[in-house]
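Novice: Compact mmCIF, C-alpha atoms, saved as structure.txt, coming up:
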# COMPACT_ATOMS: atom_id res chain seq x y z
CA VAL A 1 -13.61 -13.93 3.84
CA SER A 2 -17.25 -12.92 3.63
CA ILE A 3 -20.29 -13.71 1.52
CA GLN A 4 -22.20 -10.59 2.60
CA PHE A 5 -20.94 -7.03 2.86
CA GLN A 6 -20.74 -5.47 6.30
CA ALA A 7 -19.27 -2.12 7.31
CA VAL A 8 -16.43 -3.94 9.08
CA ASN A 9 -16.07 -7.68 9.64
CA TRP A 10 -14.81 -7.22 13.15
CA ASN A 11 -12.68 -9.90 14.69
CA ARG A 12 -10.28 -10.06 17.59
CA GLN A 13 -7.23 -9.25 15.43
CA LYS A 14 -8.87 -6.18 13.90
CA PHE A 15 -9.85 -4.88 17.36
CA TRP A 16 -6.24 -5.20 18.48
CA TYR A 17 -4.90 -3.67 15.28
CA ASP A 18 -7.22 -0.68 15.34
CA GLY A 19 -6.87 -0.26 19.10
CA ALA A 20 -3.08 -0.21 18.85
CA ALA A 21 -3.15 2.25 15.92
CA LEU A 22 -5.59 4.63 17.65
CA GLY A 23 -3.68 4.38 20.94
CA ALA A 24 -0.34 5.13 19.27
CA VAL A 25 -1.78 8.12 17.38
CA ALA A 26 -3.46 9.52 20.52
CA LEU A 27 -0.25 9.07 22.53
CA PHE A 28 1.84 10.78 19.85
CA LEU A 29 -0.58 13.71 19.60
CA ALA A 30 -0.68 14.15 23.38
CA VAL A 31 3.12 14.09 23.74
CA TYR A 32 3.61 16.32 20.69
CA ALA A 33 1.00 18.86 21.84
CA ALA A 34 2.58 19.05 25.30
CA ALA A 35 6.11 19.47 23.88
CA ASP A 36 5.08 22.00 21.22
CA THR A 37 3.10 24.08 23.74
CA LEU A 38 6.09 24.06 26.09
CA LEU A 39 8.57 25.04 23.39
CA HIS A 40 6.29 27.56 21.67
CA PRO A 41 3.96 29.08 24.25
CA GLU A 42 2.87 31.64 21.64
CA PHE A 43 1.20 28.94 19.51
CA THR A 44 -2.58 28.64 19.57
CA ILE A 45 -4.09 25.19 20.10
CA GLU A 46 -5.16 25.25 16.45
CA THR A 47 -1.55 25.76 15.34
CA VAL A 48 -0.40 22.88 17.53
CA LEU A 49 -3.15 20.65 16.11
CA ILE A 50 -2.34 21.62 12.52
CA ARG A 51 1.29 20.67 13.06
CA GLY A 52 0.66 17.53 15.10
CA LEU A 53 -2.07 16.14 12.82
CA GLY A 54 0.04 16.87 9.75
CA ILE A 55 3.09 15.10 11.16
CA VAL A 56 1.20 12.01 12.31
CA ALA A 57 -0.79 11.75 9.06
CA PHE A 58 2.32 11.96 6.87
CA GLY A 59 4.20 9.57 9.17
CA LEU A 60 1.33 7.09 8.85
CA LEU A 61 1.36 7.48 5.06
CA ASN A 62 5.05 6.51 5.06
CA LEU A 63 4.25 3.49 7.24
CA VAL A 64 1.30 2.44 5.06
CA LEU A 65 3.51 2.60 1.97
CA ALA A 66 6.31 0.67 3.67
CA ILE A 67 4.07 -2.21 4.83
CA GLY A 68 3.59 -3.68 1.34
CA PRO A 69 7.28 -4.14 0.45
CA LEU A 70 8.16 -5.08 4.04
CA ALA A 71 5.64 -7.92 3.90
CA ARG A 72 7.12 -9.06 0.56
CA LEU A 73 10.61 -9.07 2.04
CA ASP A 74 9.81 -10.62 5.42
CA ARG A 75 6.74 -12.68 6.37
CA ARG A 76 6.85 -11.33 9.93
CA PHE A 77 5.32 -8.08 8.64
CA LEU A 78 2.26 -9.86 7.19
CA PRO A 79 0.10 -9.12 10.27
CA LEU A 80 0.52 -5.39 9.51
CA LEU A 81 -0.73 -5.97 5.97
CA TYR A 82 -3.86 -7.78 7.15
CA ASN A 83 -5.67 -4.61 8.20
CA ARG A 84 -3.68 -1.99 6.29
CA ARG A 85 -6.84 -0.40 4.91
CA HIS A 86 -7.95 0.68 8.39
CA LEU A 87 -4.56 2.34 8.83
CA GLY A 88 -5.05 4.12 5.50
CA VAL A 89 -8.51 5.37 6.45
CA LEU A 90 -7.17 6.58 9.82
CA MET A 91 -4.36 8.41 8.03
CA CYS A 92 -6.87 10.05 5.69
CA LEU A 93 -9.04 11.20 8.63
CA LEU A 94 -5.99 12.70 10.36
CA GLY A 95 -5.06 14.47 7.11
CA LEU A 96 -8.61 15.83 6.86
CA GLY A 97 -8.31 17.10 10.44
CA HIS A 98 -5.03 18.85 9.56
CA ALA A 99 -6.60 20.42 6.47
CA THR A 100 -9.76 21.52 8.30
CA PHE A 101 -7.86 23.33 11.05
CA ALA A 102 -5.48 24.86 8.49
CA VAL A 103 -8.34 26.23 6.37
CA ILE A 104 -10.04 27.66 9.47
CA GLN A 105 -6.81 29.18 10.79
CA PHE A 106 -5.45 30.64 7.57
CA HIS A 107 -8.48 31.22 5.33
CA ALA A 108 -11.63 31.65 7.41
CA GLY A 109 -10.94 35.13 8.77
CA GLY A 110 -10.88 37.08 5.52
CA ASP A 111 -13.51 38.75 3.41
CA GLN A 112 -13.78 35.76 1.06
CA PRO A 113 -15.27 32.35 1.76
CA ALA A 114 -12.54 30.08 3.19
CA LEU A 115 -12.44 27.67 0.25
CA VAL A 116 -12.34 30.52 -2.28
CA SER A 117 -9.43 31.99 -0.34
CA LEU A 118 -7.70 28.59 -0.32
CA LEU A 119 -8.08 28.10 -4.07
CA THR A 120 -7.21 31.65 -5.12
CA GLY A 121 -4.85 32.59 -2.31
CA SER A 122 -1.47 34.21 -2.59
CA GLY A 123 1.44 32.37 -4.11
CA ASN A 124 3.23 32.15 -7.39
CA VAL A 125 3.62 28.91 -9.30
CA ARG A 126 6.77 30.30 -11.00
CA ASP A 127 8.50 30.95 -7.69
CA LEU A 128 9.27 27.83 -5.67
CA GLY A 129 9.80 29.94 -2.56
CA ARG A 130 6.24 31.25 -2.76
CA PHE A 131 4.65 28.24 -4.44
CA PRO A 132 0.97 27.75 -3.47
CA PHE A 133 1.87 24.60 -1.55
CA GLU A 134 -1.57 24.28 0.02
CA LEU A 135 -2.99 23.30 -3.36
CA LEU A 136 -0.54 20.37 -3.53
CA GLY A 137 -1.79 19.24 -0.12
CA LEU A 138 -5.40 19.63 -1.27
CA ALA A 139 -4.78 17.52 -4.39
CA GLY A 140 -2.96 14.82 -2.38
CA LEU A 141 -5.76 14.77 0.19
CA ALA A 142 -8.40 14.50 -2.55
CA ILE A 143 -6.72 11.29 -3.79
CA LEU A 144 -6.51 9.90 -0.26
CA VAL A 145 -10.22 10.66 0.35
CA LEU A 146 -11.14 8.92 -2.92
CA MET A 147 -9.08 5.91 -1.87
CA ALA A 148 -10.56 5.82 1.64
CA ALA A 149 -14.08 6.13 0.23
CA THR A 150 -13.53 3.17 -2.12
CA SER A 151 -11.49 1.07 0.30
CA HIS A 152 -14.35 -1.22 1.31
CA ASP A 153 -14.73 -4.72 -0.17
CA PHE A 154 -18.04 -3.56 -1.68
CA TRP A 155 -16.12 -1.28 -4.05
CA LEU A 156 -13.53 -3.99 -4.60
CA ALA A 157 -16.31 -6.28 -5.84
CA VAL A 158 -18.01 -3.55 -7.92
CA LEU A 159 -14.81 -2.37 -9.62
CA GLY A 160 -13.06 -5.75 -9.82
CA PRO A 161 -9.68 -6.45 -8.20
CA GLU A 162 -7.55 -5.18 -11.12
CA THR A 163 -9.33 -1.81 -11.51
CA TRP A 164 -9.55 -1.37 -7.74
CA LYS A 165 -5.84 -2.06 -7.31
CA ALA A 166 -4.94 0.26 -10.19
CA LEU A 167 -7.08 3.02 -8.63
CA HIS A 168 -5.41 2.55 -5.25
CA MET A 169 -1.94 2.78 -6.77
CA ALA A 170 -2.69 6.50 -7.12
CA VAL A 171 -1.35 6.62 -3.56
CA TYR A 172 2.12 7.11 -5.08
CA VAL A 173 0.90 10.24 -6.88
CA ALA A 174 -0.61 11.42 -3.57
CA TYR A 175 2.70 10.75 -1.83
CA ALA A 176 4.63 12.83 -4.37
CA LEU A 177 2.09 15.68 -4.05
CA LEU A 178 2.37 15.61 -0.26
CA VAL A 179 6.18 15.59 -0.37
CA GLY A 180 5.82 18.73 -2.53
CA HIS A 181 3.34 20.18 -0.02
CA LEU A 182 5.91 19.73 2.77
CA ALA A 183 9.01 20.70 0.79
CA LEU A 184 7.45 23.90 -0.53
CA GLY A 185 5.45 24.60 2.62
CA VAL A 186 6.85 23.81 6.03
CA LEU A 187 10.45 23.52 4.79
CA GLN A 188 10.22 27.12 3.57
CA GLN A 189 8.84 28.38 6.87
CA GLU A 190 11.12 26.40 9.17
CA ARG A 191 14.48 25.80 7.55
CA HIS A 192 15.70 23.44 10.22
CA PRO A 193 17.94 20.85 8.52
CA GLY A 194 16.51 18.11 10.76
CA LEU A 195 13.08 18.52 9.14
CA ALA A 196 14.49 18.19 5.62
CA ALA A 197 16.57 15.18 6.75
CA LEU A 198 13.46 13.52 8.23
CA LEU A 199 11.47 14.04 5.04
CA GLY A 200 14.36 12.75 2.91
CA LEU A 201 14.83 9.74 5.16
CA GLY A 202 11.13 8.85 4.84
CA MET A 203 11.32 9.05 1.04
CA VAL A 204 14.51 7.00 0.82
CA THR A 205 13.02 4.35 3.13
CA VAL A 206 9.72 4.10 1.24
CA PHE A 207 11.23 3.93 -2.23
CA GLY A 208 14.28 1.91 -1.15
CA LEU A 209 12.00 -0.78 0.29
CA HIS A 210 9.95 -0.77 -2.93
CA LEU A 211 13.08 -1.19 -5.03
CA ALA A 212 14.34 -4.05 -2.82
CA ALA A 213 10.98 -5.84 -3.01
CA GLY A 214 10.74 -5.16 -6.76
CA ARG A 215 14.19 -6.63 -7.32
CA ARG A 216 13.17 -9.78 -5.51
CA GLU A 217 10.04 -10.07 -7.67
CA VAL A 218 11.95 -9.52 -10.91
CA GLY A 219 14.39 -12.25 -9.82
CA LEU A 220 11.47 -14.65 -9.37
CA ASP A 221 10.05 -13.80 -12.79
CA ARG A 222 13.39 -14.42 -14.47
CA ARG A 223 13.60 -17.95 -13.10
CA ALA A 224 11.55 -19.16 -16.04
CA ALA A 225 10.29 -22.73 -16.21
CA ARG A 226 12.13 -25.10 -18.58
CA PRO A 227 10.36 -26.91 -21.41
CA ALA A 228 9.88 -30.61 -20.61
CA GLY A 229 8.51 -31.78 -23.95
CA GLU A 230 4.99 -32.05 -25.40
CA GLY A 231 4.12 -28.58 -24.13
CA TRP A 232 4.79 -29.33 -20.46
CA LEU A 233 7.01 -27.08 -18.35
CA ASP A 234 9.40 -28.21 -15.61
CA VAL A 235 8.72 -25.68 -12.82
CA CYS A 236 10.51 -27.05 -9.73
CA GLY A 237 11.48 -30.17 -7.85
CA VAL A 238 8.93 -31.99 -5.68
CA ASP A 239 11.19 -31.46 -2.68
CA ASP A 240 11.26 -27.70 -3.30
CA VAL A 241 7.74 -27.48 -1.87
CA ALA A 242 7.18 -28.48 1.75
CA GLU A 243 4.07 -30.38 2.76
CA GLY A 244 1.21 -27.99 3.52
CA ARG A 245 2.98 -25.13 1.77
CA ALA A 246 3.01 -23.58 -1.69
CA ARG A 247 5.56 -22.04 -4.01
CA ALA A 248 5.12 -19.39 -6.69
CA VAL A 249 6.69 -20.21 -10.04
CA MET A 250 6.66 -18.40 -13.36
CA LEU A 251 5.14 -20.13 -16.39
CA GLU A 252 5.35 -18.37 -19.74
CA ARG A 253 3.75 -15.05 -18.74
CA GLU A 254 2.05 -15.51 -15.40
CA ARG A 255 2.83 -17.00 -12.05
CA VAL A 256 1.16 -20.08 -10.64
CA ALA A 257 1.11 -21.52 -7.15
CA VAL A 258 2.41 -25.09 -6.80
CA VAL A 259 0.68 -26.52 -3.72
CA ARG A 260 1.75 -29.65 -1.84
CA HIS A 261 -1.01 -31.13 0.28
CA GLY A 262 -1.86 -34.62 1.49
CA GLY A 263 1.05 -36.20 -0.38
CA ALA A 264 0.05 -34.68 -3.74
CA ILE A 265 0.78 -31.65 -5.87
CA SER A 266 -1.80 -29.26 -7.34
CA VAL A 267 -1.30 -26.10 -9.34
CA VAL A 268 -3.60 -23.07 -9.34
CA SER A 269 -3.26 -19.41 -10.35
CA ASN A 270 -1.00 -17.44 -8.03
CA VAL A 271 -3.40 -14.47 -7.99
CA CYS A 272 -5.92 -14.31 -5.15
CA ARG A 273 -9.35 -13.18 -6.38
CA HIS A 274 -9.67 -10.75 -3.48
CA GLN A 275 -6.81 -8.28 -3.94
CA GLY A 276 -4.35 -10.16 -6.14
CA GLY A 277 -2.41 -11.52 -3.17
CA PRO A 278 0.42 -14.04 -3.77
CA LEU A 279 -1.15 -17.46 -3.14
CA GLY A 280 2.21 -19.12 -3.76
CA GLU A 281 3.33 -17.61 -0.45
CA GLY A 282 0.31 -19.03 1.36
CA ARG A 283 -0.09 -22.30 3.20
CA VAL A 284 -2.69 -25.04 3.37
CA VAL A 285 -5.14 -24.54 6.23
CA ASP A 286 -8.11 -26.91 6.70
CA GLY A 287 -7.34 -28.46 3.31
CA CYS A 288 -7.46 -25.10 1.52
CA LEU A 289 -4.70 -22.91 0.10
CA THR A 290 -4.92 -19.75 2.20
CA CYS A 291 -3.86 -16.31 0.94
CA PRO A 292 -1.20 -14.76 3.18
CA TRP A 293 -2.75 -11.30 2.84
CA HIS A 294 -6.34 -11.61 4.09
CA GLY A 295 -6.97 -15.34 4.50
CA TYR A 296 -9.10 -16.03 1.39
CA GLN A 297 -9.18 -19.80 0.83
CA TYR A 298 -9.26 -22.09 -2.21
CA ARG A 299 -9.34 -25.87 -2.62
CA PRO A 300 -6.08 -26.82 -4.39
CA ASP A 301 -7.66 -29.41 -6.74
CA ASP A 302 -10.46 -27.28 -8.26
CA GLY A 303 -9.48 -23.72 -7.25
CA CYS A 304 -12.89 -23.09 -5.67
CA SER A 305 -13.41 -21.37 -2.33
CA PRO A 306 -15.24 -23.68 0.10
CA PRO A 307 -19.02 -23.10 0.34
CA PRO A 308 -20.70 -20.66 0.79
CA TYR A 309 -17.96 -18.56 -0.83
CA LEU A 310 -17.93 -18.11 -4.57
CA GLU A 311 -14.36 -17.18 -5.54
CA ARG A 312 -12.73 -19.47 -8.13
CA LEU A 313 -9.22 -19.72 -9.55
CA PRO A 314 -7.96 -21.11 -12.86
CA THR A 315 -6.30 -24.52 -12.36
CA TYR A 316 -3.50 -26.23 -14.27
CA ARG A 317 -2.81 -29.83 -15.28
CA VAL A 318 0.15 -31.20 -13.37
CA ARG A 319 2.24 -34.38 -13.29
CA ILE A 320 5.42 -35.56 -11.61
CA ALA A 321 8.33 -37.13 -13.43
CA ALA A 322 11.69 -38.07 -11.91
CA GLY A 323 11.10 -35.90 -8.88
CA ARG A 324 10.22 -32.84 -10.96
CA VAL A 325 6.87 -31.03 -11.12
CA LEU A 326 5.65 -30.63 -14.70
CA VAL A 327 2.84 -28.19 -15.50
CA ASP A 328 0.75 -27.68 -18.63
CA PRO A 329 0.92 -23.86 -19.06
CA ARG A 330 -2.55 -23.68 -20.63
CA ALA A 331 -4.87 -22.59 -17.80
CA ASN A 332 -8.15 -24.43 -17.29
CA PRO A 333 -11.29 -22.33 -16.79
CA ALA A 334 -11.62 -21.15 -13.20
CA GLY A 335 -13.00 -23.86 -10.93
CA THR A 336 -12.02 -26.83 -13.16
CA LEU A 337 -11.26 -29.97 -11.14
CA VAL A 338 -7.78 -31.36 -11.85
CA GLU A 339 -6.60 -34.63 -10.35
CA PRO A 340 -3.62 -33.83 -8.07
CA ALA A 341 -0.30 -35.50 -8.97
CA ARG A 342 0.42 -38.12 -6.30
CA ILE A 343 3.88 -38.19 -4.77
CA MET A 344 5.03 -41.80 -4.45
CA ALA A 345 6.43 -43.27 -1.22
CA THR A 346 9.97 -42.85 -2.55
CA GLY A 347 9.28 -39.15 -2.48
CA HIS A 348 9.43 -38.75 -6.25
CA GLY A 349 6.46 -40.44 -7.71
CA GLY A 350 4.67 -40.25 -10.95
CA SER A 351 1.18 -39.43 -12.03
CA PRO A 352 -1.01 -39.74 -15.10
CA VAL B 1 -0.88 -9.77 -8.78
CA THR B 2 -0.74 -10.36 -12.52
CA SER B 3 2.41 -9.52 -14.47
CA GLY B 4 0.64 -6.60 -16.21
CA LEU B 5 -0.35 -5.09 -12.89
CA ARG B 6 3.16 -5.63 -11.52
CA ARG B 7 4.63 -3.69 -14.44
CA ARG B 8 2.07 -0.87 -13.98
CA HIS B 9 2.85 -0.84 -10.25
CA LEU B 10 6.57 -0.52 -10.96
CA ARG B 11 6.03 2.35 -13.39
CA LEU B 12 3.82 4.20 -10.89
CA VAL B 13 6.32 3.71 -8.06
CA LEU B 14 9.12 5.05 -10.25
CA ALA B 15 6.98 8.01 -11.38
CA GLY B 16 6.05 8.74 -7.75
CA ALA B 17 9.70 8.51 -6.65
CA LEU B 18 10.80 10.83 -9.44
CA LEU B 19 8.10 13.42 -8.73
CA ALA B 20 8.74 13.26 -4.98
CA ALA B 21 12.50 13.65 -5.51
CA LEU B 22 11.93 16.66 -7.80
CA ALA B 23 9.60 18.27 -5.27
CA PHE B 24 12.07 17.61 -2.46
CA ILE B 25 15.05 19.02 -4.36
CA GLY B 26 12.93 21.99 -5.46
CA GLY B 27 12.00 22.62 -1.84
CA LEU B 28 15.61 22.45 -0.69
CA SER B 29 16.80 24.83 -3.39
CA ALA B 30 13.94 27.30 -2.95
CA ARG B 31 14.24 30.35 -0.77
CA ARG B 32 11.11 31.93 0.61
CA PRO B 33 11.52 35.73 0.88
CA GLU B 34 12.29 36.95 4.38
CA PRO B 35 9.22 37.98 6.39
CA LEU B 36 8.05 41.56 5.91
CA ASN B 37 8.57 42.49 9.55
CA ASP B 38 12.26 41.69 9.72
CA GLY B 39 14.16 44.79 10.78
CA LEU B 40 11.05 46.95 11.25
CA PRO B 41 10.38 48.65 14.60
CA ALA B 42 7.53 47.08 16.56
CA GLY B 43 5.13 49.92 15.77
CA LEU B 44 5.42 49.39 12.03
CA GLN B 45 5.16 45.61 11.98
CA VAL B 46 2.33 43.97 10.09
CA ASP B 47 0.14 41.33 11.70
CA GLN B 48 1.05 38.48 9.37
CA ASP B 49 -1.39 36.06 10.88
CA ARG B 50 -4.26 37.79 9.11
Since I need it in another form, could you write the structure as structure tokens?
Specialist:
Amino acid sequence: VSIQFQAVNWNRQKFWYDGAALGAVALFLAVYAAADTLLHPEFTIETVLIRGLGIVAFGLLNLVLAIGPLARLDRRFLPLLYNRRHLGVLMCLLGLGHATFAVIQFHAGGDQPALVSLLTGSGNVRDLGRFPFELLGLAGLAILVLMAATSHDFWLAVLGPETWKALHMAVYVAYALLVGHLALGVLQQERHPGLAALLGLGMVTVFGLHLAAGRREVGLDRRAARPAGEGWLDVCGVDDVAEGRARAVMLERERVAVVRHGGAISVVSNVCRHQGGPLGEGRVVDGCLTCPWHGYQYRPDDGCSPPPYLERLPTYRVRIAAGRVLVDPRANPAGTLVEPARIMATGHGGSP
Amino acid sequence: VTSGLRRRHLRLVLAGALLAALAFIGGLSARRPEPLNDGLPAGLQVDQDR
């Protein structure tokens, strides 16, 4: 969480994360370059770099896309999500390196400027075997560069979380373009079935994980709250939420986070103001509900981030009856203080 | 994430999956013409790197 914008809010975890990512990429490139040079002594170093950078960039893109659903399906992957943007920027830089060497190698030696040659080069859009696959790569890379350039929290604040998130979902379009770049490019030059199998496996993994995570989310949305009279909704039992934890439940159209803290229940919006993270999957740390994605914090009773931070969530009126948590589905304005519903010593108390 | 954004996310993922699958199948079914030099004696081969 930050009140001022800095290039990177470095902390110990980010150092480890970035160090591990850079180390793994460097190790892969070194091993790949050695193996490729050994197997293909006729290759120039540029050719080896084009291949190695392309493979590692696309592999990282698969990993970046898999982290989101993996973290939804299993909390143990949450640490990968914490600094996913750095992984995305690294992937974009590796892709730019691949593209730069490819343009130099294949387009810089002619009688036209390299970029003119790239954009008007040979190929036929009506013939898949000779499709100008480089243009697909260029379009995919352009989206990744736009995303990397706007990945900072400064742009998140300027655009707002919803617009920013919608913009960054263009990564799926970029992924499809890059699959086309590979399928109509390298798979035409090297028809080794292992390459096609690897590409197919990556796609099945990425989209299979998304479908599994999506199914879980749809299941949660379908568990609609039951009317409890006078406009209140019965959302869950008191014992369904552990002390110091939260639980996401669906009201009429949106999810809320039911938080149990200090022997009481509060209800706030489930949507973190930072990147829309699922607060209902967070836990209470230092008296604040803490987002599992990047650690943004909110006081459960008024939905406000602790000073000096300024984020605020809508809150909801809540009461307990016969061991059930009842919520008024009409959201209060963000930052409105709501008295938490006290849980009685019997475990199932009441409240005003 | 709000329910509207979740729905948009789902649509984009499905569109991306469909496009990627089409590109992949297109790539598998495509056949790039054999290189020009195949079958030519060494003296007549074209430098295809240029």
Novice: At what distance in Å, to one decimal, does atom CA of A:Ala66 lie from atom CA of A:Asn270?
Specialist: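 The value is 22.8 Å.
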Novice: Any chance you could tabulate, as JSON lines, the residues of chain A at most 8 Å from chain B with each one's nearest atom pair and distance in Å to one decimal, using all atoms listed in the file, in chain and rising number order?
Specialist:
{"residue": "A:Phe106", "atom": "CA", "partner": "B:Arg50", "partner_atom": "CA", "distance": 7.4}
{"residue": "A:Gly109", "atom": "CA", "partner": "B:Arg50", "partner_atom": "CA", "distance": 7.2}
{"residue": "A:Gly110", "atom": "CA", "partner": "B:Arg50", "partner_atom": "CA", "distance": 7.6}
{"residue": "A:Leu128", "atom": "CA", "partner": "B:Ala30", "partner_atom": "CA", "distance": 5.4}
{"residue": "A:Gly129", "atom": "CA", "partner": "B:Arg32", "partner_atom": "CA", "distance": 4.0}
{"residue": "A:Arg130", "atom": "CA", "partner": "B:Arg32", "partner_atom": "CA", "distance": 6.0}
{"residue": "A:Glu162", "atom": "CA", "partner": "B:Leu5", "partner_atom": "CA", "distance": 7.4}
{"residue": "A:Ala166", "atom": "CA", "partner": "B:Leu5", "partner_atom": "CA", "distance": 7.5}
{"residue": "A:Met169", "atom": "CA", "partner": "B:His9", "partner_atom": "CA", "distance": 6.9}
{"residue": "A:Ala170", "atom": "CA", "partner": "B:Leu12", "partner_atom": "CA", "distance": 7.9}
{"residue": "A:Tyr172", "atom": "CA", "partner": "B:Gly16", "partner_atom": "CA", "distance": 5.0}
{"residue": "A:Val173", "atom": "CA", "partner": "B:Gly16", "partner_atom": "CA", "distance": 5.4}
{"residue": "A:Tyr175", "atom": "CA", "partner": "B:Gly16", "partner_atom": "CA", "distance": 7.1}
{"residue": "A:Ala176", "atom": "CA", "partner": "B:Ala20", "partner_atom": "CA", "distance": 4.2}
{"residue": "A:Leu177", "atom": "CA", "partner": "B:Ala20", "partner_atom": "CA", "distance": 7.1}
{"residue": "A:Val179", "atom": "CA", "partner": "B:Ala20", "partner_atom": "CA", "distance": 5.8}
{"residue": "A:Gly180", "atom": "CA", "partner": "B:Ala23", "partner_atom": "CA", "distance": 4.7}
{"residue": "A:Ala183", "atom": "CA", "partner": "B:Gly27", "partner_atom": "CA", "distance": 4.4}
{"residue": "A:Leu184", "atom": "CA", "partner": "B:Gly27", "partner_atom": "CA", "distance": 4.9}
{"residue": "A:Leu187", "atom": "CA", "partner": "B:Gly27", "partner_atom": "CA", "distance": 6.9}
{"residue": "A:Gln188", "atom": "CA", "partner": "B:Arg32", "partner_atom": "CA", "distance": 5.7}
{"residue": "A:Gln189", "atom": "CA", "partner": "B:Arg32", "partner_atom": "CA", "distance": 7.5}
{"residue": "A:Ala196", "atom": "CA", "partner": "B:Leu28", "partner_atom": "CA", "distance": 7.7}
{"residue": "A:Gly200", "atom": "CA", "partner": "B:Phe24", "partner_atom": "CA", "distance": 7.6}
{"residue": "A:Met203", "atom": "CA", "partner": "B:Ala20", "partner_atom": "CA", "distance": 7.8}
{"residue": "A:Phe207", "atom": "CA", "partner": "B:Ala17", "partner_atom": "CA", "distance": 6.5}
{"residue": "A:His210", "atom": "CA", "partner": "B:Val13", "partner_atom": "CA", "distance": 7.7}
{"residue": "A:Gly214", "atom": "CA", "partner": "B:Leu10", "partner_atom": "CA", "distance": 7.5}
{"residue": "A:Arg253", "atom": "CA", "partner": "B:Ser3", "partner_atom": "CA", "distance": 7.1}
{"residue": "A:Glu254", "atom": "CA", "partner": "B:Ser3", "partner_atom": "CA", "distance": 6.1}
{"residue": "A:Arg255", "atom": "CA", "partner": "B:Thr2", "partner_atom": "CA", "distance": 7.6}
{"residue": "A:Asn270", "atom": "CA", "partner": "B:Val1", "partner_atom": "CA", "distance": 7.7}
{"residue": "A:Val271", "atom": "CA", "partner": "B:Val1", "partner_atom": "CA", "distance": 5.4}
{"residue": "A:Cys272", "atom": "CA", "partner": "B:Val1", "partner_atom": "CA", "distance": 7.7}
{"residue": "A:Gln275", "atom": "CA", "partner": "B:Val1", "partner_atom": "CA", "distance": 7.8}
{"residue": "A:Gly276", "atom": "CA", "partner": "B:Val1", "partner_atom": "CA", "distance": 4.4}
{"residue": "A:Gly277", "atom": "CA", "partner": "B:Val1", "partner_atom": "CA", "distance": 6.1}
{"residue": "A:Pro278", "atom": "CA", "partner": "B:Val1", "partner_atom": "CA", "distance": 6.7}
Novice: For the atom pair atom CA of A:Ala213 and atom CA of A:Val64, what is the interatomic distance in Å to one decimal place?
Specialist: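 Separation between atom CA of A:Ala213 and atom CA of A:Val64: 15.1 Å.
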Novice: Closest to A:Ala264 among A:Val235, A:Leu313, A:Met344, A:Ala102, using all atoms listed in the file?
Specialist: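 With all atoms listed in the file as the atom set, the closest residue is A:Met344.
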Novice: What is the distance between atom CA of A:Leu78 and atom CA of A:Gly280, in Å to one decimal?
Specialist: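 Separation of atom CA of A:Leu78 and atom CA of A:Gly280: 14.3 Å.
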Novice: Neighbouring residues of stretch 49-51 of chain A were defined as those with any atom within 12 Å, considering all atoms listed in the file; residues of the same chain fewer than 3 positions away were excluded. Please report them as a ChimeraX atom specification.
Specialist: /A:26,28-37,43-46,54-58,94-106,182,185-186
Novice: Just want the 10 Å neighbourhood of A:Leu337, counted on all atoms listed in the file, with same-chain residues fewer than 4 positions away dropped. Output as a VMD selection string.
Specialist: chain A and resid 299 to 304 314 to 317 332 to 333
Novice: Enclose all atoms of stretch 25-29 of chain B listed in the file in an axis-aligned box, grow every side by 3 Å, and hand back centre and edge lengths in Å to one decimal, as JSON.
Specialist:
{"center_x": 14.4, "center_y": 21.9, "center_z": -3.1, "size_x": 10.8, "size_y": 11.8, "size_z": 10.8}
Novice: Between A:Asp111, A:Ile265, A:Cys288, A:Leu87, which one has atoms that come closest to A:Val338, using all atoms listed in the file?
Specialist: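 Residue with the minimum atom-to-atom distance to A:Val338: A:Ile265.
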Novice: Which polymer residues have any atom within 10 Å of an atom of A:Arg75, counting all atoms listed in the file, with same-chain residues fewer than 5 positions away left out, as a list in words?
Specialist: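 Near neighbours after the sequence-gap exclusion: Leu70, Glu281 and Pro292 of chain A.
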